[in-house]
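Heads up, the thing below is written out as structure tokens.
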Amino acid sequence: MRGRPEVMFVRGRAAERLAGIVLLSVALAVAPATGAGLSLEPATACSLLDDQGIRTRDGYREAGRGLFRCASTEQRWPPGNPTADTVRYAATGDRGRVRQLELEVSLHSRGDLRPVLQAFARLADTLASAALDRPLPLEAHRALRIGTPGTWEIDGTQVALERITGAEPALRFVIR
């Protein structure tokens with residue numbers, strides 16, 4: 001028939017393949033717009049600080065309400081430091097992707113905190129470099145060394161230093 005567009009019907013496995021290709025194309029087209037922020041495989045994220053002696057335990061497990069997490073135990077920081085300052089690491093997300101990394105230092109000692117904060121800043125920089133393939137911005141590194149909260153962006157991923165108030169002062173470095 002003239003003037004009428006032809007309609008092609010696809011059936012069976014060819015239809016399934018075509019639907020898969022269409023869905024993949026849509027996902028790839030949408031990914032850059034929604035892909036901002038951290039997205040790591042759990043095995044990778046949970047082992048980012050292994051070479052620093054900070055290992056997570058018990059694997060990447062469900063923590064409730066669809067949230068998954070792996071975490072280290074508290075460890076004295078920096079290594080060999082006789083004070084009671086501690087650090088711990090955690091990675092959280094959904095079943096298939098880690099969306100947030102947290103590195104927390106608890107400042108139990110009194111007096112000069114510079115050595116602990118400088119070691120914490122180096123560890124946070126190591127984590128950022130491993131997770132984002134980029135070092136921390138200079139202003140973020142400076143803030144970490146003196147314990148000043150702030151937020152910075154690295155290629156669409158937010159990094160932040162937060163102060164935790166309580167009986168013992170603590171700082172949390174977050175990549176999300």
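Each chain in the structure tokens gets a letter, A, B, ..., in the order shown, and its residues are numbered from 1; ligands are numbered from 1 in order too.
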| said: Can you pull out the residues contacting range 126-131 of chain A? Cut-off 10 Å, using only C-alpha atoms, and skip same-chain residues under 2 positions away; I want them as a PyMOL selection string. | reply: chain A and resi 38-40+44-45+47-49+52+89+101-103+120-124+133-137+154+159+173-175
Write a file of the selected residues as a PDB file, in the first residue's frame, keeping N, CA and C atoms.
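The result, written out as again_30.pdb:
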ATOM      1  N   LEU A  38      29.587   8.677  44.046  1.00  0.00           N
ATOM      2  CA  LEU A  38      30.392   7.474  44.187  1.00  0.00           C
ATOM      3  C   LEU A  38      29.611   6.239  43.767  1.00  0.00           C
ATOM      4  N   SER A  39      30.269   5.322  43.085  1.00  0.00           N
ATOM      5  CA  SER A  39      29.687   4.046  42.704  1.00  0.00           C
ATOM      6  C   SER A  39      30.829   3.052  42.505  1.00  0.00           C
ATOM      7  N   LEU A  40      31.058   2.203  43.520  1.00  0.00           N
ATOM      8  CA  LEU A  40      32.142   1.224  43.479  1.00  0.00           C
ATOM      9  C   LEU A  40      31.603  -0.173  43.714  1.00  0.00           C
ATOM     10  N   THR A  44      35.836  -4.146  45.912  1.00  0.00           N
ATOM     11  CA  THR A  44      36.864  -3.118  45.742  1.00  0.00           C
ATOM     12  C   THR A  44      36.804  -2.114  46.889  1.00  0.00           C
ATOM     13  N   ALA A  45      35.609  -1.601  47.154  1.00  0.00           N
ATOM     14  CA  ALA A  45      35.445  -0.575  48.193  1.00  0.00           C
ATOM     15  C   ALA A  45      35.854  -1.094  49.568  1.00  0.00           C
ATOM     16  N   SER A  47      38.070  -3.170  50.337  1.00  0.00           N
ATOM     17  CA  SER A  47      39.499  -3.461  50.466  1.00  0.00           C
ATOM     18  C   SER A  47      40.399  -2.263  50.163  1.00  0.00           C
ATOM     19  N   LEU A  48      39.833  -1.077  50.044  1.00  0.00           N
ATOM     20  CA  LEU A  48      40.623   0.095  49.649  1.00  0.00           C
ATOM     21  C   LEU A  48      41.747   0.437  50.621  1.00  0.00           C
ATOM     22  N   LEU A  49      41.600   0.133  51.898  1.00  0.00           N
ATOM     23  CA  LEU A  49      42.632   0.476  52.881  1.00  0.00           C
ATOM     24  C   LEU A  49      43.363  -0.747  53.445  1.00  0.00           C
ATOM     25  N   GLN A  52      46.971  -0.374  54.056  1.00  0.00           N
ATOM     26  CA  GLN A  52      47.284   0.527  55.165  1.00  0.00           C
ATOM     27  C   GLN A  52      47.069  -0.169  56.514  1.00  0.00           C
ATOM     28  N   TYR A  89      36.985   2.462  59.404  1.00  0.00           N
ATOM     29  CA  TYR A  89      36.600   2.656  58.013  1.00  0.00           C
ATOM     30  C   TYR A  89      35.340   1.859  57.729  1.00  0.00           C
ATOM     31  N   LEU A 101      31.747   6.115  51.377  1.00  0.00           N
ATOM     32  CA  LEU A 101      32.885   5.653  52.161  1.00  0.00           C
ATOM     33  C   LEU A 101      33.037   6.590  53.346  1.00  0.00           C
ATOM     34  N   GLU A 102      33.338   6.031  54.518  1.00  0.00           N
ATOM     35  CA  GLU A 102      33.513   6.848  55.721  1.00  0.00           C
ATOM     36  C   GLU A 102      34.799   6.433  56.426  1.00  0.00           C
ATOM     37  N   LEU A 103      35.567   7.421  56.784  1.00  0.00           N
ATOM     38  CA  LEU A 103      36.787   7.220  57.549  1.00  0.00           C
ATOM     39  C   LEU A 103      36.665   8.121  58.770  1.00  0.00           C
ATOM     40  N   PHE A 120      45.885  11.291  59.775  1.00  0.00           N
ATOM     41  CA  PHE A 120      44.512  11.113  59.288  1.00  0.00           C
ATOM     42  C   PHE A 120      44.354  11.741  57.903  1.00  0.00           C
ATOM     43  N   ALA A 121      44.922  12.924  57.694  1.00  0.00           N
ATOM     44  CA  ALA A 121      44.853  13.592  56.387  1.00  0.00           C
ATOM     45  C   ALA A 121      45.535  12.742  55.314  1.00  0.00           C
ATOM     46  N   ARG A 122      46.676  12.159  55.629  1.00  0.00           N
ATOM     47  CA  ARG A 122      47.367  11.287  54.656  1.00  0.00           C
ATOM     48  C   ARG A 122      46.519  10.056  54.328  1.00  0.00           C
ATOM     49  N   LEU A 123      45.879   9.479  55.361  1.00  0.00           N
ATOM     50  CA  LEU A 123      45.034   8.309  55.140  1.00  0.00           C
ATOM     51  C   LEU A 123      43.804   8.670  54.303  1.00  0.00           C
ATOM     52  N   ALA A 124      43.200   9.816  54.578  1.00  0.00           N
ATOM     53  CA  ALA A 124      42.041  10.273  53.787  1.00  0.00           C
ATOM     54  C   ALA A 124      42.446  10.518  52.339  1.00  0.00           C
ATOM     55  N   ASP A 133      40.649   7.847  41.961  1.00  0.00           N
ATOM     56  CA  ASP A 133      41.799   7.990  41.057  1.00  0.00           C
ATOM     57  C   ASP A 133      42.294   9.429  40.998  1.00  0.00           C
ATOM     58  N   ARG A 134      42.090  10.163  42.066  1.00  0.00           N
ATOM     59  CA  ARG A 134      42.548  11.546  42.173  1.00  0.00           C
ATOM     60  C   ARG A 134      42.865  11.855  43.623  1.00  0.00           C
ATOM     61  N   PRO A 135      43.897  12.649  43.858  1.00  0.00           N
ATOM     62  CA  PRO A 135      44.164  13.065  45.239  1.00  0.00           C
ATOM     63  C   PRO A 135      43.148  14.116  45.677  1.00  0.00           C
ATOM     64  N   LEU A 136      43.128  14.361  46.967  1.00  0.00           N
ATOM     65  CA  LEU A 136      42.257  15.409  47.500  1.00  0.00           C
ATOM     66  C   LEU A 136      42.719  16.771  47.016  1.00  0.00           C
ATOM     67  N   PRO A 137      41.783  17.706  46.845  1.00  0.00           N
ATOM     68  CA  PRO A 137      42.184  19.085  46.556  1.00  0.00           C
ATOM     69  C   PRO A 137      43.019  19.624  47.722  1.00  0.00           C
ATOM     70  N   ILE A 154      34.944  16.491  43.753  1.00  0.00           N
ATOM     71  CA  ILE A 154      35.969  15.942  42.868  1.00  0.00           C
ATOM     72  C   ILE A 154      35.239  15.207  41.753  1.00  0.00           C
ATOM     73  N   VAL A 159      33.186  15.084  48.618  1.00  0.00           N
ATOM     74  CA  VAL A 159      33.995  14.674  49.764  1.00  0.00           C
ATOM     75  C   VAL A 159      33.759  15.708  50.853  1.00  0.00           C
ATOM     76  N   PHE A 173      35.535  11.677  57.704  1.00  0.00           N
ATOM     77  CA  PHE A 173      35.803  12.015  56.315  1.00  0.00           C
ATOM     78  C   PHE A 173      34.881  11.128  55.479  1.00  0.00           C
ATOM     79  N   VAL A 174      34.095  11.748  54.585  1.00  0.00           N
ATOM     80  CA  VAL A 174      33.089  11.024  53.819  1.00  0.00           C
ATOM     81  C   VAL A 174      33.283  11.271  52.334  1.00  0.00           C
ATOM     82  N   ILE A 175      33.163  10.206  51.548  1.00  0.00           N
ATOM     83  CA  ILE A 175      33.135  10.305  50.082  1.00  0.00           C
ATOM     84  C   ILE A 175      31.796   9.752  49.667  1.00  0.00           C
TER      85      ILE A 175
END
Closest-contact table, range 116-166 of chain A side, partner range 80-86 of chain A, 12 Å, counting only C-alpha atoms, as JSON lines:
{"residue": "A:Val116", "atom": "CA", "partner": "A:Asp85", "partner_atom": "CA", "distance": 7.6}
{"residue": "A:Leu117", "atom": "CA", "partner": "A:Asp85", "partner_atom": "CA", "distance": 10.1}
{"residue": "A:Ala119", "atom": "CA", "partner": "A:Asn81", "partner_atom": "CA", "distance": 10.6}
{"residue": "A:Phe120", "atom": "CA", "partner": "A:Thr86", "partner_atom": "CA", "distance": 10.0}
| field | Contacts of Gln100 in chain A within 6 Å, only C-alpha atoms, excl. fewer than 6 positions in-chain, as a list of chain:residue names | value |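 The neighbour list is A:Ala91, A:Thr92, A:Ile175, A:Arg176.
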Output file for the selection above: C-alpha atoms, as a CSV table (one decimal), in the first residue's frame:
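The result, written out as out09.csv:
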chain,number,residue,atom,x,y,z
A,91,ALA,CA,31.7,1.4,53.0
A,92,THR,CA,27.9,1.5,52.6
A,175,ILE,CA,33.1,10.3,50.1
A,176,ARG,CA,29.7,10.1,48.5
Using DSSP assignments from the backbone, pull out every residue in range 72-162 of chain A that falls under strand (DSSP E) and give it to me as an mmCIF file with C-alpha atoms, in the first residue's frame.
data_model
loop_
_atom_site.group_PDB
_atom_site.id
_atom_site.type_symbol
_atom_site.label_atom_id
_atom_site.label_comp_id
_atom_site.auth_asym_id
_atom_site.auth_seq_id
_atom_site.Cartn_x
_atom_site.Cartn_y
_atom_site.Cartn_z
ATOM 1 C CA SER A 72 36.715 -2.276 60.087
ATOM 2 C CA GLN A 75 42.340 0.640 65.460
ATOM 3 C CA ARG A 76 44.890 2.853 67.176
ATOM 4 C CA THR A 86 41.511 5.426 66.928
ATOM 5 C CA VAL A 87 40.420 5.195 63.317
ATOM 6 C CA ARG A 88 37.802 3.067 61.595
ATOM 7 C CA TYR A 89 36.600 2.656 58.013
ATOM 8 C CA ALA A 90 33.237 1.701 56.492
ATOM 9 C CA ALA A 91 31.698 1.377 53.030
ATOM 10 C CA THR A 92 27.902 1.470 52.594
ATOM 11 C CA GLY A 93 25.482 1.179 49.702
ATOM 12 C CA VAL A 98 28.925 1.124 47.335
ATOM 13 C CA ARG A 99 27.677 4.724 47.401
ATOM 14 C CA GLN A 100 29.510 6.087 50.464
ATOM 15 C CA LEU A 101 32.885 5.653 52.161
ATOM 16 C CA GLU A 102 33.513 6.848 55.721
ATOM 17 C CA LEU A 103 36.787 7.220 57.549
ATOM 18 C CA GLU A 104 36.418 8.286 61.167
ATOM 19 C CA VAL A 105 39.068 9.302 63.698
ATOM 20 C CA SER A 106 38.235 9.466 67.410
ATOM 21 C CA GLY A 150 34.103 21.450 54.917
ATOM 22 C CA THR A 151 32.777 20.011 51.664
ATOM 23 C CA TRP A 152 34.529 19.716 48.294
ATOM 24 C CA GLU A 153 33.724 18.210 44.914
ATOM 25 C CA ILE A 154 35.969 15.942 42.868
ATOM 26 C CA THR A 157 31.700 13.202 43.769
ATOM 27 C CA GLN A 158 31.326 14.964 47.084
ATOM 28 C CA VAL A 159 33.995 14.674 49.764
ATOM 29 C CA ALA A 160 33.412 16.160 53.194
ATOM 30 C CA LEU A 161 34.955 16.465 56.611
ATOM 31 C CA GLU A 162 32.378 16.471 59.410
#
